[in-house]
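Below is one structure, written out as structure tokens; comments come after it.
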Amino acid sequence: MRSIRWLAVIPFLALIVGPFFVNRATPVILGLPFLLAWIVAWILLTSLIMAVIYAADPANREDET
């Protein structure tokens with residue numbers, strides 16, 4: 001289980017380090033500058049990654065007796 005928790009580092013790096021590489025106004029995605037679209041996308045992806053970590057955690061499984 002400990003190894004899957006490292007997935008939580010990916011959104012952190014994407015939101016902290018990523019803007020240094022994607023800081024540009026073009027292209028425009030759904031009317032948003034690329035940097036803002038990047039941040040919104042990673043906020044949504046963070047929810048999915050946390051859901052995967054939660055589902056993989058054995059402490060969150062109910063006993064099926």
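Ordering of the structure tokens sets the chain letters (A, B, ...), residue numbers begin anew at 1 in every chain, and ligands are numbered from 1 in the order given.
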Find the spatial neighbours of Ile49 of chain A, counting only C-alpha atoms, within a cut-off of 12 Å - ignore same-chain residues fewer than 3 positions away - and output them as a ChimeraX atom specification.
/A:4-12,42-46,52-56
Which of chain A DSSP labels strand (DSSP E or B), written as a VMD selection string
chain A and resid 28 to 29 32 to 33
Residue contacts of Val28 of chain A (12 Å, only C-alpha atoms) excluding same-chain residues fewer than 6 positions away, as a ChimeraX atom specification
/A:34-38
What does the file look like for those residues with C-alpha atoms, as a JSON list (two decimals), in the first residue's frame?
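In the end it all went to again_8.json:
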```
[["chain", "number", "residue", "atom", "x", "y", "z"],
["A", 34, "PHE", "CA", -3.16, 27.38, -21.15],
["A", 35, "LEU", "CA", -1.80, 27.89, -17.62],
["A", 36, "LEU", "CA", -5.27, 28.23, -16.12],
["A", 37, "ALA", "CA", -6.50, 25.21, -18.07],
["A", 38, "TRP", "CA", -3.45, 23.28, -16.76]]
```
